[in-house]
Amino acid sequence: MELVEAIILAVLAASTPLLIAATGELVTERSGVLNLGVEGMMIVGAACGFAGAWLTGSILIGALFGIVAGTLMSLIFALMALGLAVNQVATGLALTILGIGLSGLIGAGFVGERITPAAHLYIPGLTDIPLIGRVLFGEDAFVYFSLALIVGVWWFLYRARPGLILRACGDSHVSAHALGYPVLRIRTFAVMFGGACAGLAGAYLPLAYTPFFIPGMTAGRGWIALALVVFSSWRPGRLVVGAYLFGAVTILQLHAQGWGVGIPSQFMSALPYLATVIVLVLLSRARTGGSTAPAALGTVFVPDR
Amino acid sequence: MLDPTPNGLHSGESPLLRTIGLTKRYGDFLANDSIDIDIWPKEIHALLGENGAGKSTLVKAIYGLIQPSAGEIRWQGQPIVLSGPSQARSRGIGMVFQHFSLFDNLTVAENVALGLDGRESFKDMSARLEQVSKTYGLPLDPRREVWQLSVGERQRIEIVRALMQDPKFLILDEPTAVLTPQEADQLFIVLERLKSEGRAILYISHKLDEVKRLCDTATILRGGKKIQTCNPRLETAASLARMMVGSEIRQVKAAAGRRTTVPRLVVNDLSLAPGEAHGVRLEHISFELKGGEILGIAGVAGNGQDELFAALSGERLAKDPGTVVIEGIAAGHLSITQRRKLGAAFVPEERLGHGTAPRMKLSENALLTGHAASGMVNHGFIDTAATLKTVDRATETFDVRKAKRDPEAASLSGGNLQKFIVGREILRNPAVLVVSQPTWGVDAGAAAVIRQALLDLATAGAAVLVTSQDLDELAEIADRIAVMFHGRLSAPLAASDATREKLGLLMGGSSLEPKEAAHAVGA
């Protein structure tokens, strides 16, 4: 029982950064922009988040540092891909490379330092319930926030008019422009939201997951978040399921090694990507027409005036 | 103030909308050159002109999508500046776009909501949507996603969306270009009703018979300038066309002494299962087409014309090679390139995406169909000079108008791109030309050029197969006309014998002689 609880807790902790980063990217992609720089924005968020928390001693300020850093990174992307209409794939990849280098520079002075990690909730009585107590009532604030975030995004996309306009930009920027919507401005906000989420997801790692910073500590989570958005077929509900599934795979991979199960760990690491490919195939077979992905995803838009 | 009474009818009132000296400049190019136009309530006002005459630019300025470089727009007598479509909408100006401004993966209700200003709740809006669509007889299911709908239904969304703003003035950009004649008739009923409700309509078209039938006033644009405002009912189609084009439309003339020669394209009992879920099965299609002859295929869209084109071009292969014979060689199993090497050429219906790669240059598009048999490839390397020469020759021979020597295909207007595509294939001197909807959405001048080119090609000895929904076009150029219905092809009628009545019967699935019903047409 102890082990099951420990595994569930570990899965939740491992899934949370995936969920936060993927939520941001989902909004970005729903507006029709493909930002492949999630990994880069995350790692800069991790470095700045740790720096903020170490300098001020506050986890909250650390998290805000991460958010601001991720947003600034995404503004570089917005300037290139939206303002100058540069190819989005190339810009996103460049952003990742920039982010990895930049985070090493920012974080160099902090390697080896430790902070007190984010506190976990404790409600007397509730948190002490065996098995489910700590899982439901003993998490850190990031976990609860990530769930509130995805519910908020779902509400925004499907119940609020600005969300409808954002989805419309992702479906056909030409039509949205013809109806008078400021496509580039809407997309810039979506990209910034994606950057803020990626920065926060990155900051989660040194602030809550491990209480120290090491270069390259995102270790491909940004790429998994990107795969996750595709896996979820751009739907918030499936995104939650996918995030916990992918988080579970990364944890099980560790335990499988510990138990001596004869599956190569590389295969387990590749599972999220394999699952994404399979989901894509199944989706395209199940649907008879229309488009699962935002139809304008990744295409450059230059309004005529 | 300025010219207060343009005609006696409206003296004392001011027009609903008036443009004064409206000018739009793109670099050195004057898309609109000082245009004055008056729109009155209870008026259907036609805006006529060839492609590139400046019609779309003018209405975009009136709808606030682009800002005029000079001139003034007055709404109910007051000068206004429209910085965006929402301002135009809030004043009561609505627009139905030619290329629909719809979102394929959103529902009908969501699409309508996006065209409104969002002051009412989604639920209220949906209720009003149902009410408006019922009032005007434009049925729509608000929950369906747009990609599932037909072109006619999509246009209904656009119209309902515009009507829900209760516009005083509605702009329709070539609304019938994509409609069947029956759908167009229904649209005219709606437009007449809107007019009787006191609204004004600006109707962009180049279908002159429609304009004469529907419109009270017509303003003709040419080369960005206003040529004249007139009453289309007092004009003839020929006089309107003359104003649009600026000269007499060339009468398409078949050269005398055209002789049919050997069979160049033969189809023997071709049957083919549909390639996609909603496709049509081709059933026992047979015909023989000789050199020097033009065979027209009529029929309502979606009766197997696309499938026949794919089977002839080699986009889909037949099981039995002998079902398609090109120049005496069984070709049913051959690829597109192999068929081109036999001397065949193909012009599909869809210009962008099928006939050309939209974002590639014309020279590259010339190479795409000419690489196998037109000497554009030299030891495996592209002969750029030869591809450019093809573009230049097509430009010269078929009067293709474009901004630079070798632009992207997508930057050409529909008519000019079609002239280029037809020209590209004809310059290869094909023995067999299969062409689908050669003048769909093309202005009168370009259509005449294309039809003449097809006639000249047949005179030179080629076999030409033309699929078209335009019966007048087939009557003008075809020697024989067959009708496609439910994947079957009727026996061809001589053009002189193919009356509208007979073709109409065949298009509806009836047979001309009861005796033939059993095997020729079926049910």
# chains A, B, ... in the order shown; residues from 1 in each chain; ligands from 1

call {"tool": "interface_residues", "arguments": {"of": "chain B", "to": "chain A", "cutoff": "6 Å", "atoms": "only C-alpha atoms", "output": "short mmCIF file (atom, residue, chain, number, x, y, z; two decimals) with N, CA and C atoms, in the first residue's frame"}}
result
data_model
loop_
_atom_site.label_atom_id
_atom_site.label_comp_id
_atom_site.auth_asym_id
_atom_site.auth_seq_id
_atom_site.Cartn_x
_atom_site.Cartn_y
_atom_site.Cartn_z
N ILE B 66 -10.26 47.22 -46.33
CA ILE B 66 -9.05 47.96 -46.72
C ILE B 66 -9.38 49.45 -46.63
N GLY B 84 -12.62 49.07 -39.87
CA GLY B 84 -12.71 47.61 -39.88
C GLY B 84 -14.12 47.16 -40.18
N PRO B 85 -14.28 45.88 -40.54
CA PRO B 85 -15.60 45.36 -40.89
C PRO B 85 -16.62 45.49 -39.76
N SER B 101 -16.00 33.15 -46.02
CA SER B 101 -15.18 33.39 -44.83
C SER B 101 -15.72 32.51 -43.72
N LEU B 102 -15.67 31.20 -43.96
CA LEU B 102 -16.21 30.25 -42.99
C LEU B 102 -15.06 29.46 -42.36
N PHE B 103 -15.40 28.80 -41.24
CA PHE B 103 -14.43 27.99 -40.52
C PHE B 103 -14.89 26.54 -40.60
N TRP B 147 -17.51 21.57 -42.62
CA TRP B 147 -16.91 20.69 -43.62
C TRP B 147 -17.88 19.63 -44.12
#

call {"tool": "residues_around", "arguments": {"residues": "range 110-112 of chain A", "least_positions_apart": "6", "cutoff": "8 Å", "atoms": "only C-alpha atoms", "output": "list in words"}}
result
Phe50, Ala51, Phe212, Phe213, Ile214 and Pro215 of chain A

call {"tool": "write_last_selection", "arguments": {"atoms": "C-alpha atoms", "output": "PDB file, in the first residue's frame"}}
result
ATOM      1  CA  PHE A  50      15.409  28.797  -9.290  1.00  0.00           C
ATOM      2  CA  ALA A  51      17.335  32.087  -9.346  1.00  0.00           C
ATOM      3  CA  PHE A 212      18.191  22.347  -6.898  1.00  0.00           C
ATOM      4  CA  PHE A 213      19.090  23.414 -10.419  1.00  0.00           C
ATOM      5  CA  ILE A 214      21.181  21.425 -12.878  1.00  0.00           C
ATOM      6  CA  PRO A 215      21.732  22.410 -16.515  1.00  0.00           C
TER       7      PRO A 215
END

call {"tool": "residues_around", "arguments": {"residues": "Phe169 in chain B", "least_positions_apart": "2", "cutoff": "8 Å", "atoms": "only C-alpha atoms", "output": "ChimeraX atom specification"}}
result
/B:41,92-94,167,171,199-202

call {"tool": "write_last_selection", "arguments": {"atoms": "C-alpha atoms", "output": "short mmCIF file (atom, residue, chain, number, x, y, z; two decimals), in the first residue's frame"}}
result
data_model
loop_
_atom_site.label_atom_id
_atom_site.label_comp_id
_atom_site.auth_asym_id
_atom_site.auth_seq_id
_atom_site.Cartn_x
_atom_site.Cartn_y
_atom_site.Cartn_z
CA PRO B 41 -32.64 51.79 -50.72
CA GLY B 92 -25.85 48.11 -41.24
CA ILE B 93 -23.49 47.03 -44.04
CA GLY B 94 -23.34 43.25 -44.49
CA PRO B 167 -28.42 45.02 -42.64
CA ILE B 171 -22.98 43.14 -50.59
CA ARG B 199 -32.86 46.94 -48.16
CA ALA B 200 -30.26 47.76 -50.79
CA ILE B 201 -28.14 45.08 -52.42
CA LEU B 202 -24.86 45.39 -54.28
#

call {"tool": "residues_around", "arguments": {"residues": "Gly37 in chain A", "least_positions_apart": "5", "cutoff": "8 Å", "atoms": "only C-alpha atoms", "output": "count of residues only"}}
result
7

call {"tool": "select_by_dssp", "arguments": {"residues": "range 93-228 of chain A", "states": "alpha helix (DSSP H)", "output": "ChimeraX atom specification"}}
result
/A:93-107,133-137,141-159,161-171,173-178,183-204,221-228

call {"tool": "residues_around", "arguments": {"residues": "Gly133 in chain A", "least_positions_apart": "4", "cutoff": "12 Å", "atoms": "only C-alpha atoms", "output": "list of chain:residue names"}}
result
A:Glu5, A:Ala6, A:Ile8, A:Leu9, A:Leu121, A:Tyr122, A:Ile123, A:Pro124, A:Gly125, A:Leu126, A:Thr127, A:Asp128, A:Ile129, A:Phe137, A:Gly138, A:Glu139

call {"tool": "write_last_selection", "arguments": {"atoms": "C-alpha atoms", "output": "PDB file, in the first residue's frame"}}
result
ATOM      1  CA  GLU A   5       0.751   5.579  -2.687  1.00  0.00           C
ATOM      2  CA  ALA A   6       4.365   6.493  -3.325  1.00  0.00           C
ATOM      3  CA  ILE A   8       0.829   7.665  -7.374  1.00  0.00           C
ATOM      4  CA  LEU A   9       2.474  10.628  -5.698  1.00  0.00           C
ATOM      5  CA  LEU A 121      -0.830  21.033   1.608  1.00  0.00           C
ATOM      6  CA  TYR A 122      -1.688  19.624   5.014  1.00  0.00           C
ATOM      7  CA  ILE A 123      -5.255  19.484   6.282  1.00  0.00           C
ATOM      8  CA  PRO A 124      -5.436  17.662   9.607  1.00  0.00           C
ATOM      9  CA  GLY A 125      -7.658  14.635   9.299  1.00  0.00           C
ATOM     10  CA  LEU A 126      -8.153  14.687   5.531  1.00  0.00           C
ATOM     11  CA  THR A 127      -4.493  14.422   4.604  1.00  0.00           C
ATOM     12  CA  ASP A 128      -4.068  11.567   7.082  1.00  0.00           C
ATOM     13  CA  ILE A 129      -6.628   9.314   5.362  1.00  0.00           C
ATOM     14  CA  PHE A 137      -5.050  16.648   0.050  1.00  0.00           C
ATOM     15  CA  GLY A 138      -1.270  16.587   0.383  1.00  0.00           C
ATOM     16  CA  GLU A 139       0.023  17.977  -2.915  1.00  0.00           C
TER      17      GLU A 139
END

call {"tool": "select_by_dssp", "arguments": {"residues": "range 66-302 of chain A", "states": "strand (DSSP E or B)", "output": "MDAnalysis selection string"}}
result
chainID A and resid 114 120 140 212

call {"tool": "write_last_selection", "arguments": {"atoms": "C-alpha atoms", "output": "compact mmCIF listing (two decimals), in the first residue's frame"}}
result
# COMPACT_ATOMS: atom_id res chain seq x y z
CA ARG A 114 19.72 24.24 -2.62
CA HIS A 120 2.72 20.52 0.48
CA ASP A 140 1.96 21.16 -3.55
CA PHE A 212 18.19 22.35 -6.90

call {"tool": "residues_around", "arguments": {"residues": "range 491-504 of chain B", "least_positions_apart": "2", "cutoff": "12 Å", "atoms": "only C-alpha atoms", "output": "JSON list (two decimals) with N, CA and C atoms, in the first residue's frame"}}
result
[["chain", "number", "residue", "atom", "x", "y", "z"],
["B", 284, "HIS", "N", -19.97, 1.07, -67.25],
["B", 284, "HIS", "CA", -20.01, 0.72, -68.68],
["B", 284, "HIS", "C", -19.94, 1.95, -69.58],
["B", 285, "ILE", "N", -18.91, 2.74, -69.42],
["B", 285, "ILE", "CA", -18.80, 3.95, -70.25],
["B", 285, "ILE", "C", -18.04, 3.62, -71.52],
["B", 286, "SER", "N", -18.63, 3.99, -72.65],
["B", 286, "SER", "CA", -17.99, 3.76, -73.94],
["B", 286, "SER", "C", -18.20, 4.98, -74.82],
["B", 287, "PHE", "N", -17.15, 5.41, -75.48],
["B", 287, "PHE", "CA", -17.29, 6.39, -76.55],
["B", 287, "PHE", "C", -16.04, 6.38, -77.41],
["B", 288, "GLU", "N", -16.16, 6.98, -78.57],
["B", 288, "GLU", "CA", -15.02, 7.05, -79.47],
["B", 288, "GLU", "C", -14.87, 8.49, -79.92],
["B", 289, "LEU", "N", -13.66, 9.01, -79.81],
["B", 289, "LEU", "CA", -13.44, 10.41, -80.14],
["B", 289, "LEU", "C", -12.35, 10.48, -81.20],
["B", 293, "GLU", "N", -12.29, 16.45, -83.61],
["B", 293, "GLU", "CA", -13.64, 16.46, -83.09],
["B", 293, "GLU", "C", -13.65, 16.93, -81.63],
["B", 294, "ILE", "N", -14.72, 17.61, -81.25],
["B", 294, "ILE", "CA", -14.90, 17.98, -79.84],
["B", 294, "ILE", "C", -16.14, 17.29, -79.32],
["B", 295, "LEU", "N", -15.95, 16.47, -78.28],
["B", 295, "LEU", "CA", -17.08, 15.81, -77.63],
["B", 295, "LEU", "C", -17.34, 16.51, -76.31],
["B", 296, "GLY", "N", -18.59, 16.93, -76.12],
["B", 296, "GLY", "CA", -18.94, 17.59, -74.86],
["B", 296, "GLY", "C", -19.64, 16.60, -73.94],
["B", 297, "ILE", "N", -19.32, 16.68, -72.65],
["B", 297, "ILE", "CA", -20.03, 15.87, -71.66],
["B", 297, "ILE", "C", -20.78, 16.81, -70.73],
["B", 298, "ALA", "N", -22.11, 16.72, -70.79],
["B", 298, "ALA", "CA", -22.93, 17.57, -69.93],
["B", 298, "ALA", "C", -23.37, 16.77, -68.72],
["B", 299, "GLY", "N", -24.03, 17.43, -67.80],
["B", 299, "GLY", "CA", -24.54, 16.72, -66.63],
["B", 299, "GLY", "C", -24.45, 17.57, -65.39],
["B", 300, "VAL", "N", -25.31, 17.29, -64.43],
["B", 300, "VAL", "CA", -25.24, 17.98, -63.15],
["B", 300, "VAL", "C", -23.98, 17.52, -62.42],
["B", 469, "GLN", "N", -20.68, 22.08, -67.20],
["B", 469, "GLN", "CA", -22.07, 22.19, -66.78],
["B", 469, "GLN", "C", -22.77, 23.32, -67.50],
["B", 470, "ASP", "N", -22.02, 24.03, -68.32],
["B", 470, "ASP", "CA", -22.54, 25.18, -69.03],
["B", 470, "ASP", "C", -23.01, 24.71, -70.41],
["B", 471, "LEU", "N", -24.33, 24.55, -70.56],
["B", 471, "LEU", "CA", -24.85, 24.00, -71.81],
["B", 471, "LEU", "C", -24.59, 24.93, -72.98],
["B", 472, "ASP", "N", -24.61, 26.25, -72.73],
["B", 472, "ASP", "CA", -24.34, 27.19, -73.82],
["B", 472, "ASP", "C", -22.93, 27.01, -74.34],
["B", 473, "GLU", "N", -22.02, 26.76, -73.41],
["B", 473, "GLU", "CA", -20.64, 26.55, -73.82],
["B", 473, "GLU", "C", -20.52, 25.32, -74.71],
["B", 474, "LEU", "N", -21.16, 24.22, -74.30],
["B", 474, "LEU", "CA", -21.08, 22.99, -75.09],
["B", 474, "LEU", "C", -21.72, 23.21, -76.46],
["B", 475, "ALA", "N", -22.87, 23.91, -76.47],
["B", 475, "ALA", "CA", -23.54, 24.16, -77.75],
["B", 475, "ALA", "C", -22.62, 24.96, -78.67],
["B", 476, "GLU", "N", -21.81, 25.83, -78.08],
["B", 476, "GLU", "CA", -20.95, 26.71, -78.87],
["B", 476, "GLU", "C", -19.78, 25.95, -79.50],
["B", 477, "ILE", "N", -19.21, 25.00, -78.79],
["B", 477, "ILE", "CA", -17.96, 24.41, -79.31],
["B", 477, "ILE", "C", -18.04, 22.93, -79.64],
["B", 478, "ALA", "N", -18.99, 22.18, -79.05],
["B", 478, "ALA", "CA", -18.93, 20.73, -79.23],
["B", 478, "ALA", "C", -19.58, 20.28, -80.54],
["B", 479, "ASP", "N", -19.04, 19.20, -81.11],
["B", 479, "ASP", "CA", -19.67, 18.58, -82.28],
["B", 479, "ASP", "C", -20.74, 17.60, -81.86],
["B", 480, "ARG", "N", -20.45, 16.90, -80.77],
["B", 480, "ARG", "CA", -21.43, 15.96, -80.22],
["B", 480, "ARG", "C", -21.49, 16.18, -78.72],
["B", 481, "ILE", "N", -22.65, 15.89, -78.13],
["B", 481, "ILE", "CA", -22.80, 16.08, -76.68],
["B", 481, "ILE", "C", -23.40, 14.82, -76.06],
["B", 482, "ALA", "N", -22.74, 14.30, -75.04],
["B", 482, "ALA", "CA", -23.29, 13.18, -74.28],
["B", 482, "ALA", "C", -23.57, 13.68, -72.86],
["B", 483, "VAL", "N", -24.42, 12.96, -72.14],
["B", 483, "VAL", "CA", -24.81, 13.40, -70.80],
["B", 483, "VAL", "C", -24.44, 12.33, -69.79],
["B", 484, "MET", "N", -23.88, 12.78, -68.69],
["B", 484, "MET", "CA", -23.50, 11.86, -67.63],
["B", 484, "MET", "C", -24.56, 11.90, -66.53],
["B", 485, "PHE", "N", -25.00, 10.71, -66.11],
["B", 485, "PHE", "CA", -25.98, 10.63, -65.03],
["B", 485, "PHE", "C", -25.72, 9.38, -64.23],
["B", 488, "ARG", "N", -23.24, 6.86, -65.52],
["B", 488, "ARG", "CA", -23.41, 6.32, -66.88],
["B", 488, "ARG", "C", -23.38, 7.46, -67.88],
["B", 489, "LEU", "N", -22.94, 7.13, -69.08],
["B", 489, "LEU", "CA", -22.84, 8.14, -70.14],
["B", 489, "LEU", "C", -23.85, 7.80, -71.22],
["B", 506, "LEU", "N", -32.09, 14.03, -70.25],
["B", 506, "LEU", "CA", -30.98, 13.10, -69.97],
["B", 506, "LEU", "C", -30.30, 13.45, -68.64],
["B", 507, "MET", "N", -30.18, 14.75, -68.36],
["B", 507, "MET", "CA", -29.52, 15.16, -67.11],
["B", 507, "MET", "C", -30.35, 14.77, -65.89],
["B", 508, "GLY", "N", -31.65, 14.66, -66.10],
["B", 508, "GLY", "CA", -32.51, 14.25, -65.00],
["B", 508, "GLY", "C", -32.65, 12.74, -64.89],
["B", 509, "GLY", "N", -32.01, 12.01, -65.80],
["B", 509, "GLY", "CA", -32.03, 10.56, -65.70],
["B", 509, "GLY", "C", -33.07, 9.89, -66.56],
["B", 510, "SER", "N", -33.82, 10.66, -67.34],
["B", 510, "SER", "CA", -34.80, 10.03, -68.24],
["B", 510, "SER", "C", -34.09, 9.62, -69.52],
["B", 511, "SER", "N", -34.71, 8.76, -70.27],
["B", 511, "SER", "CA", -34.12, 8.39, -71.55],
["B", 511, "SER", "C", -34.95, 9.04, -72.65],
["B", 512, "LEU", "N", -34.35, 9.17, -73.84],
["B", 512, "LEU", "CA", -35.06, 9.83, -74.93],
["B", 512, "LEU", "C", -36.01, 8.87, -75.62],
["B", 513, "GLU", "N", -35.58, 7.61, -75.74],
["B", 513, "GLU", "CA", -36.45, 6.63, -76.37],
["B", 513, "GLU", "C", -36.71, 5.52, -75.37],
["B", 516, "GLU", "N", -34.65, 2.25, -75.33],
["B", 516, "GLU", "CA", -33.26, 2.19, -74.85],
["B", 516, "GLU", "C", -33.16, 2.10, -73.33],
["B", 517, "ALA", "N", -34.28, 2.38, -72.67],
["B", 517, "ALA", "CA", -34.21, 2.55, -71.22],
["B", 517, "ALA", "C", -33.54, 1.39, -70.50],
["B", 519, "HIS", "N", -31.09, -0.79, -71.19],
["B", 519, "HIS", "CA", -29.65, -0.96, -71.03],
["B", 519, "HIS", "C", -28.85, 0.33, -71.13],
["B", 520, "ALA", "N", -29.39, 1.33, -71.80],
["B", 520, "ALA", "CA", -28.56, 2.52, -72.01],
["B", 520, "ALA", "C", -28.53, 3.44, -70.79],
["B", 521, "VAL", "N", -29.63, 3.61, -70.15],
["B", 521, "VAL", "CA", -29.66, 4.55, -69.04],
["B", 521, "VAL", "C", -29.92, 3.85, -67.71]]

call {"tool": "residues_around", "arguments": {"residues": "Leu34 in chain A", "least_positions_apart": "3", "cutoff": "8 Å", "atoms": "only C-alpha atoms", "output": "list in words"}}
result
Thr28, Glu29, Gln88, Val89, Gly92, Leu297 and Gly298 of chain A

call {"tool": "closest_residue", "arguments": {"among": "A:Gly45, A:Gly260, A:Pro236, A:Gly66", "to": "Trp155 in chain A", "atoms": "only C-alpha atoms"}}
result
A:Pro236

call {"tool": "atom_distance", "arguments": {"atom1": "CA of Ile37 in chain B", "atom2": "CA of Val59 in chain B"}}
result
11.1 Å

call {"tool": "closest_residue", "arguments": {"among": "B:Gln67, B:Ala403, B:Leu427, B:Arg258", "to": "Phe29 in chain B", "atoms": "only C-alpha atoms"}}
result
B:Ala403

call {"tool": "atom_distance", "arguments": {"atom1": "CA of Lys225 in chain B", "atom2": "CA of Asn51 in chain B"}}
result
13.1 Å

call {"tool": "atom_distance", "arguments": {"atom1": "CA of Arg119 in chain B", "atom2": "CA of Val33 in chain A"}}
result
28.2 Å

call {"tool": "closest_atom_pairs", "arguments": {"of": "range 283-335 of chain B", "to": "range 347-352 of chain B", "cutoff": "12 Å", "atoms": "only C-alpha atoms", "output": "CSV"}}
result
residue,atom,partner,partner_atom,distance
B:Ala301,CA,B:Glu349,CA,11.2
B:Gln305,CA,B:Glu349,CA,10.0
B:Asp306,CA,B:Glu349,CA,8.4
B:Glu307,CA,B:Pro348,CA,11.3
B:Leu308,CA,B:Pro348,CA,11.1
B:Phe309,CA,B:Pro348,CA,7.5
B:Ala310,CA,B:Pro348,CA,8.9
B:Leu312,CA,B:Pro348,CA,11.0
B:Ser313,CA,B:Pro348,CA,9.1
B:Glu315,CA,B:Pro348,CA,11.0

call {"tool": "decode", "arguments": {"residues": "range 460-472 of chain B", "atoms": "N, CA and C atoms", "output": "CSV table (one decimal), in the first residue's frame"}}
result
chain,number,residue,atom,x,y,z
B,460,ALA,N,-6.8,21.8,-85.7
B,460,ALA,CA,-5.4,21.3,-86.0
B,460,ALA,C,-5.3,19.8,-86.0
B,461,GLY,N,-6.4,19.1,-85.6
B,461,GLY,CA,-6.4,17.6,-85.7
B,461,GLY,C,-6.5,16.9,-84.4
B,462,ALA,N,-6.5,17.6,-83.3
B,462,ALA,CA,-6.5,16.9,-82.0
B,462,ALA,C,-8.0,16.5,-81.7
B,463,ALA,N,-8.1,15.5,-80.8
B,463,ALA,CA,-9.3,15.1,-80.2
B,463,ALA,C,-9.5,15.8,-78.9
B,464,VAL,N,-10.7,16.5,-78.7
B,464,VAL,CA,-10.9,17.3,-77.5
B,464,VAL,C,-12.1,16.8,-76.8
B,465,LEU,N,-12.0,16.5,-75.5
B,465,LEU,CA,-13.1,16.0,-74.7
B,465,LEU,C,-13.3,17.1,-73.6
B,466,VAL,N,-14.5,17.8,-73.7
B,466,VAL,CA,-14.8,18.9,-72.8
B,466,VAL,C,-16.0,18.5,-71.8
B,467,THR,N,-15.7,18.5,-70.5
B,467,THR,CA,-16.8,18.3,-69.6
B,467,THR,C,-17.2,19.7,-69.1
B,468,SER,N,-18.5,19.9,-69.1
B,468,SER,CA,-19.0,21.3,-68.7
B,468,SER,C,-20.4,21.2,-68.2
B,469,GLN,N,-20.7,22.1,-67.2
B,469,GLN,CA,-22.1,22.2,-66.8
B,469,GLN,C,-22.8,23.3,-67.5
B,470,ASP,N,-22.0,24.0,-68.3
B,470,ASP,CA,-22.5,25.2,-69.0
B,470,ASP,C,-23.0,24.7,-70.4
B,471,LEU,N,-24.3,24.5,-70.6
B,471,LEU,CA,-24.8,24.0,-71.8
B,471,LEU,C,-24.6,24.9,-73.0
B,472,ASP,N,-24.6,26.3,-72.7
B,472,ASP,CA,-24.3,27.2,-73.8
B,472,ASP,C,-22.9,27.0,-74.3
